[in-house]
Each structure stands twice: as structure tokens, then as C-alpha cells.
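Shown next, in C-alpha cells, is the structure this report addresses.
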Amino acid sequence: MDLTLHVWRQPGPDQPGKMVTYVDEARGISPEMSFLEMLDVVNERLIAAGEEPIAFEHDCREGICGSCGMMINGQAHGPQRGTATCQLHMRKFEDGDEIFVEPWRARAFPVLRDLVVDRQALDLIVEAGGYITAPTGSAPDANLILVPKEAADAAMDAAACISCGACVAACPNSAGQLFTAAKLQHLNLLPQGQAERWERTRAMVDTMEEYFGSCTLHGECQEACPKEISIDFIAYMNRDYVKAQIKNRKLAGQVT
């Protein structure tokens, strides 16, 4: 396949960026390559020509780590639904195609270089309460706490989130609700998460509001999610957040 690549190049966070076109570097691409393998080939050719390679994030290349996110032809992770960029194969494109590659576009994700963005805001949400406080000691038996199958299945669906940020990049409001809801509900739906459920919900949602836009249930987030996480979890989160304001009785005397 011979392709024309238009790639966002930006030397640093405080420097201007622009789209750069690559033609010769994107010739002879195998349809069986993944999108990242195609970028590897382009980078090898750039290095051989004495030019700076395209900076992009990657790690597992198995759709697990979530680090490979980028906008491909205006779509988060590209045209194939339920697929991370590393799992997208070039057979999804045609010989002679023009492909536009850009980083996530959201104020909460400042560009560091080329296709690499700073997604620290997602980590801060998890740090605010995305955990269960457990006493030290030996691990309890796996079946000591009974969990209804429906609750376990729903929690597992939420836990599938790989923290890639595609939901934020695809949302017209750059909202982080789907990510936050997934990280919340995989704990809030389980018996083990009930002790800290209300404080966890309040802390994580309040932290989210500091960095991301408001959710209007546009729905593009679940369409872009490589794990196809449902916006139902946003409804569960909103319910828990309202309840958290009542459950936290120590705050009842505050005006705001």
C-alpha cells in the first residue's frame, strides 16, 4: 500500500505545531501491519534520512495499556469500533488513502511532543479515590464475600477501562465522565467497595470537575471507547454523587 500521511508535529509543549505530509516514507506498507507498526516503518525511514522520528506513545501493543491513543482521520483510535490504535490494522485502509494523524485534543491533555499528550489529569482522578483501603494481614479467601453475578459482571465491564482518554478526546465538551464513572463503578458495584463508596464518589467527581468539561450525554464517548464501555455507568455515577451529598452528614451545615 502507498499512503499519504499528514501527521501533527510539535517539538514541545510551548512551541507551535503543524501538520507535516509524508509520502515517500509511507510507501510499500503491508496491509497486515498494525497502525503503530506502520508508524515504526515511517520512523525508520525518517531516521535513515537524518530527520526526527514521529513521537508517539506505546507499550503493550495488545490493547491493554491504553497509551497508544491518537486521532486518526478525526476519530479516536481510528475507524474500527472497539479497537485501540495498536490493534488497528492497515487493511482497514485502501491503497492511495490520505490519513490524518493528530494527538488527543482536550485542554486537560496538553501536547508534550507530536502525538504524545500529558494525561496526568486521569491519574489524579484515580488518586483521589479509585482504590479500596484494606487492612494489612493475610488475604481473605476468594469466596469469603458473596457477590451477585450481575454485580460482578457489571463491575468487570467497568474495570475494562484502559485509561486511554479516547472518551475525552471524542467528546465535544472534553468531558471525563465516562472514564471517571468506569473507575468509580468497578468499585462501587461490589460489596468490598461499600465502606468508602460515598467519600470515593465525591472525591473523584470533584477532582474530575477541576480538569474536564461538563457531560451532556452526547454519547460519542461510548462510541469511541476501545472497550465499548456504556454511558449507563455515567448515570450510576450521577446517582451516587447526589446521594454522596446527603450521606456526608458532616457537610450538612455548609452553605456551599
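How things are named: the first chain in the C-alpha cells is A, the next is B, and so on; residues count from 1 in each chain; ligands count from 1 in the order shown.
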Please give the complete set of residues from stretch 107-208 of chain A that DSSP, run on the backbone, assigns to helix (DSSP H, G or I), formatted as a ChimeraX atom specification.
/A:120-129,149-159,166-170,177-188,191-193,197-208
Let's have the selection written as a short mmCIF file (atom, residue, chain, number, x, y, z; two decimals), in the first residue's frame, with N, CA and C atoms.
data_model
loop_
_atom_site.label_atom_id
_atom_site.label_comp_id
_atom_site.auth_asym_id
_atom_site.auth_seq_id
_atom_site.Cartn_x
_atom_site.Cartn_y
_atom_site.Cartn_z
N GLN A 120 -2.00 13.26 32.82
CA GLN A 120 -1.88 13.19 34.27
C GLN A 120 -3.23 13.44 34.95
N ALA A 121 -4.11 14.21 34.32
CA ALA A 121 -5.40 14.50 34.94
C ALA A 121 -6.19 13.22 35.22
N LEU A 122 -6.05 12.21 34.37
CA LEU A 122 -6.72 10.94 34.62
C LEU A 122 -6.15 10.25 35.86
N ASP A 123 -4.84 10.33 36.03
CA ASP A 123 -4.21 9.73 37.20
C ASP A 123 -4.66 10.41 38.48
N LEU A 124 -4.85 11.74 38.42
CA LEU A 124 -5.25 12.48 39.61
C LEU A 124 -6.65 12.08 40.06
N ILE A 125 -7.52 11.75 39.11
CA ILE A 125 -8.87 11.29 39.46
C ILE A 125 -8.79 9.97 40.22
N VAL A 126 -7.99 9.05 39.72
CA VAL A 126 -7.84 7.76 40.39
C VAL A 126 -7.20 7.94 41.76
N GLU A 127 -6.20 8.80 41.85
CA GLU A 127 -5.54 9.05 43.13
C GLU A 127 -6.50 9.61 44.17
N ALA A 128 -7.54 10.31 43.70
CA ALA A 128 -8.49 10.93 44.63
C ALA A 128 -9.35 9.90 45.36
N GLY A 129 -9.49 8.70 44.80
CA GLY A 129 -10.33 7.72 45.49
C GLY A 129 -10.53 6.41 44.77
N LYS A 149 -23.83 -12.34 40.67
CA LYS A 149 -23.20 -12.45 39.35
C LYS A 149 -23.43 -11.19 38.52
N GLU A 150 -24.65 -10.65 38.57
CA GLU A 150 -24.95 -9.45 37.78
C GLU A 150 -24.06 -8.28 38.20
N ALA A 151 -23.84 -8.15 39.52
CA ALA A 151 -22.98 -7.07 40.01
C ALA A 151 -21.53 -7.32 39.60
N ALA A 152 -21.09 -8.56 39.68
CA ALA A 152 -19.71 -8.89 39.28
C ALA A 152 -19.49 -8.63 37.80
N ASP A 153 -20.48 -8.99 36.98
CA ASP A 153 -20.36 -8.77 35.53
C ASP A 153 -20.29 -7.28 35.21
N ALA A 154 -21.15 -6.49 35.86
CA ALA A 154 -21.16 -5.05 35.60
C ALA A 154 -19.86 -4.41 36.05
N ALA A 155 -19.36 -4.83 37.22
CA ALA A 155 -18.10 -4.29 37.71
C ALA A 155 -16.95 -4.64 36.77
N MET A 156 -16.98 -5.86 36.22
CA MET A 156 -15.94 -6.26 35.28
C MET A 156 -16.00 -5.44 34.00
N ASP A 157 -17.22 -5.13 33.53
CA ASP A 157 -17.37 -4.28 32.35
C ASP A 157 -16.75 -2.91 32.59
N ALA A 158 -16.97 -2.35 33.77
CA ALA A 158 -16.40 -1.05 34.10
C ALA A 158 -14.89 -1.11 34.23
N ALA A 159 -14.41 -2.21 34.83
CA ALA A 159 -12.97 -2.38 35.05
C ALA A 159 -12.19 -2.56 33.75
N ALA A 166 -9.67 8.22 25.18
CA ALA A 166 -10.42 8.38 23.93
C ALA A 166 -11.78 9.02 24.18
N CYS A 167 -12.41 8.70 25.31
CA CYS A 167 -13.71 9.27 25.62
C CYS A 167 -13.63 10.78 25.72
N VAL A 168 -12.56 11.29 26.32
CA VAL A 168 -12.37 12.73 26.45
C VAL A 168 -12.10 13.36 25.09
N ALA A 169 -11.23 12.73 24.31
CA ALA A 169 -10.86 13.27 23.00
C ALA A 169 -12.04 13.30 22.04
N ALA A 170 -12.95 12.32 22.17
CA ALA A 170 -14.08 12.25 21.25
C ALA A 170 -15.23 13.16 21.66
N GLN A 177 -16.40 12.17 32.10
CA GLN A 177 -17.37 11.39 32.88
C GLN A 177 -17.29 9.89 32.66
N LEU A 178 -17.11 9.45 31.43
CA LEU A 178 -17.10 8.00 31.18
C LEU A 178 -15.91 7.35 31.87
N PHE A 179 -14.75 7.96 31.77
CA PHE A 179 -13.57 7.43 32.45
C PHE A 179 -13.80 7.38 33.96
N THR A 180 -14.25 8.51 34.52
CA THR A 180 -14.45 8.58 35.97
C THR A 180 -15.50 7.60 36.43
N ALA A 181 -16.60 7.50 35.67
CA ALA A 181 -17.67 6.58 36.03
C ALA A 181 -17.19 5.13 36.02
N ALA A 182 -16.38 4.78 35.03
CA ALA A 182 -15.87 3.41 34.96
C ALA A 182 -14.97 3.10 36.15
N LYS A 183 -14.08 4.04 36.48
CA LYS A 183 -13.17 3.82 37.60
C LYS A 183 -13.92 3.79 38.93
N LEU A 184 -15.00 4.54 39.01
CA LEU A 184 -15.83 4.54 40.23
C LEU A 184 -16.62 3.25 40.37
N GLN A 185 -17.34 2.90 39.31
CA GLN A 185 -18.33 1.84 39.44
C GLN A 185 -17.74 0.45 39.52
N HIS A 186 -16.53 0.25 39.05
CA HIS A 186 -15.97 -1.10 39.21
C HIS A 186 -15.66 -1.37 40.69
N LEU A 187 -15.66 -0.30 41.51
CA LEU A 187 -15.54 -0.46 42.97
C LEU A 187 -16.90 -0.31 43.65
N ASN A 188 -17.67 0.69 43.23
CA ASN A 188 -18.95 0.98 43.89
C ASN A 188 -19.99 -0.12 43.71
N PRO A 191 -19.47 -5.40 46.87
CA PRO A 191 -19.59 -5.29 48.33
C PRO A 191 -18.33 -4.72 48.98
N GLN A 192 -17.18 -5.07 48.44
CA GLN A 192 -15.92 -4.60 49.04
C GLN A 192 -15.76 -3.09 48.96
N GLY A 193 -16.48 -2.46 48.03
CA GLY A 193 -16.32 -1.02 47.85
C GLY A 193 -17.31 -0.16 48.61
N ARG A 197 -17.70 4.12 49.64
CA ARG A 197 -18.42 4.45 48.41
C ARG A 197 -18.72 5.94 48.27
N TRP A 198 -19.22 6.56 49.31
CA TRP A 198 -19.68 7.95 49.18
C TRP A 198 -18.52 8.92 49.17
N GLU A 199 -17.53 8.71 50.02
CA GLU A 199 -16.37 9.58 50.01
C GLU A 199 -15.58 9.42 48.71
N ARG A 200 -15.48 8.19 48.24
CA ARG A 200 -14.80 7.93 46.97
C ARG A 200 -15.49 8.68 45.83
N THR A 201 -16.80 8.60 45.76
CA THR A 201 -17.56 9.24 44.69
C THR A 201 -17.37 10.74 44.72
N ARG A 202 -17.52 11.32 45.89
CA ARG A 202 -17.38 12.78 45.99
C ARG A 202 -15.98 13.22 45.59
N ALA A 203 -14.95 12.55 46.10
CA ALA A 203 -13.57 12.95 45.83
C ALA A 203 -13.21 12.83 44.35
N MET A 204 -13.62 11.72 43.73
CA MET A 204 -13.24 11.51 42.33
C MET A 204 -14.00 12.44 41.38
N VAL A 205 -15.28 12.65 41.64
CA VAL A 205 -16.06 13.54 40.77
C VAL A 205 -15.60 14.98 40.93
N ASP A 206 -15.33 15.41 42.16
CA ASP A 206 -14.86 16.78 42.37
C ASP A 206 -13.51 17.01 41.69
N THR A 207 -12.64 16.01 41.74
CA THR A 207 -11.35 16.14 41.05
C THR A 207 -11.55 16.19 39.54
N MET A 208 -12.45 15.38 39.03
CA MET A 208 -12.75 15.39 37.59
C MET A 208 -13.21 16.77 37.13
#
With stretch 214-230 of chain A as the partner and 9 Å as the cut-off, tabulate the residues of stretch 1-86 of chain A that qualify, each row holding the nearest pair of atoms and their distance in Å to one decimal, using only C-alpha atoms, sorted by chain and rising number, as a tab-separated table.
residue	atom	partner	partner_atom	distance
A:Gly63	CA	A:Pro226	CA	8.1
A:Gln75	CA	A:Ala224	CA	7.5
A:Ala76	CA	A:Ala224	CA	5.9
A:His77	CA	A:Ala224	CA	7.4
A:Gly78	CA	A:Ala224	CA	8.7
A:Gln80	CA	A:Pro226	CA	8.9
A:Arg81	CA	A:Pro226	CA	6.7
A:Gly82	CA	A:Pro226	CA	4.0
A:Thr83	CA	A:Pro226	CA	4.5
A:Ala84	CA	A:Pro226	CA	5.3
A:Thr85	CA	A:Pro226	CA	8.7
Take the selection from the previous step and output its residues with N, CA and C atoms, as a PDB file, in the first residue's frame.
ATOM      1  N   GLY A  63      -3.666  -3.698  23.220  1.00  0.00           N
ATOM      2  CA  GLY A  63      -4.951  -3.123  23.585  1.00  0.00           C
ATOM      3  C   GLY A  63      -5.233  -3.148  25.071  1.00  0.00           C
ATOM      4  N   GLN A  75     -11.106  10.459  14.130  1.00  0.00           N
ATOM      5  CA  GLN A  75     -11.730   9.504  15.028  1.00  0.00           C
ATOM      6  C   GLN A  75     -10.721   9.007  16.059  1.00  0.00           C
ATOM      7  N   ALA A  76     -11.157   8.948  17.316  1.00  0.00           N
ATOM      8  CA  ALA A  76     -10.280   8.433  18.365  1.00  0.00           C
ATOM      9  C   ALA A  76      -9.974   6.963  18.107  1.00  0.00           C
ATOM     10  N   HIS A  77      -8.708   6.618  18.018  1.00  0.00           N
ATOM     11  CA  HIS A  77      -8.223   5.259  17.738  1.00  0.00           C
ATOM     12  C   HIS A  77      -8.509   4.796  16.312  1.00  0.00           C
ATOM     13  N   GLY A  78      -9.122   5.620  15.481  1.00  0.00           N
ATOM     14  CA  GLY A  78      -9.337   5.231  14.100  1.00  0.00           C
ATOM     15  C   GLY A  78     -10.716   4.690  13.796  1.00  0.00           C
ATOM     16  N   GLN A  80     -12.077   1.670  13.260  1.00  0.00           N
ATOM     17  CA  GLN A  80     -12.612   0.378  13.699  1.00  0.00           C
ATOM     18  C   GLN A  80     -13.124   0.469  15.126  1.00  0.00           C
ATOM     19  N   ARG A  81     -14.390   0.135  15.320  1.00  0.00           N
ATOM     20  CA  ARG A  81     -15.002   0.238  16.639  1.00  0.00           C
ATOM     21  C   ARG A  81     -14.434  -0.817  17.591  1.00  0.00           C
ATOM     22  N   GLY A  82     -14.353  -0.446  18.875  1.00  0.00           N
ATOM     23  CA  GLY A  82     -13.895  -1.378  19.890  1.00  0.00           C
ATOM     24  C   GLY A  82     -12.450  -1.795  19.734  1.00  0.00           C
ATOM     25  N   THR A  83     -11.620  -0.885  19.212  1.00  0.00           N
ATOM     26  CA  THR A  83     -10.230  -1.224  18.906  1.00  0.00           C
ATOM     27  C   THR A  83      -9.308  -0.079  19.302  1.00  0.00           C
ATOM     28  N   ALA A  84      -8.249  -0.386  20.028  1.00  0.00           N
ATOM     29  CA  ALA A  84      -7.220   0.607  20.310  1.00  0.00           C
ATOM     30  C   ALA A  84      -6.341   0.786  19.079  1.00  0.00           C
ATOM     31  N   THR A  85      -5.607   1.878  19.029  1.00  0.00           N
ATOM     32  CA  THR A  85      -4.772   2.174  17.862  1.00  0.00           C
ATOM     33  C   THR A  85      -3.812   1.035  17.549  1.00  0.00           C
TER      34      THR A  85
END
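Atom CA of A:Gly213 is found 28.5 Å from atom CA of A:His6.
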Quick check, in Å to one decimal: how far apart do atom CA of A:Val42 and atom CA of A:Thr21 lie?
11.6 Å
Residues within 10 Å of A:Cys86, only C-alpha atoms, excluding chain neighbours under 3 positions, as a ChimeraX atom specification
/A:33-37,58-64,66-69,77,83,89
Determine which residues of stretch 52-240 of chain A receive a DSSP assignment of strand (DSSP E or B), computed from the backbone, and state them as an NGL selection string.
:A and (71-72 or 75-76 or 89 or 98-102 or 111-113 or 116-117 or 175 or 213)
Residues within 9 Å of stretch 115-118 of chain A, only C-alpha atoms, excluding chain neighbours under 2 positions, as a PyMOL selection string:
chain A and resi 7-10+13+54-57+68-71+101-105+108-113+120-121
Pick the closest to A:Leu5 from A:Gly137, A:Gly96, A:Pro31, A:Pro53: which is it, counting only C-alpha atoms?
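That would be A:Gly96, the residue with the smallest distance to A:Leu5.
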Length of the atom CA of A:Glu25 to atom CA of A:Leu88 vector [Å]
19.5 Å
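Of the listed residues (A:Cys164, A:Asp40, A:Glu94, A:Ile99), A:Ile99 comes nearest to A:Val23; the distances count only C-alpha atoms.
For the residues A:Ala235, A:Val147, A:Leu3, A:Ile162, ranking by smallest atom-to-atom distance to A:Phe100 using only C-alpha atoms places A:Leu3 first.
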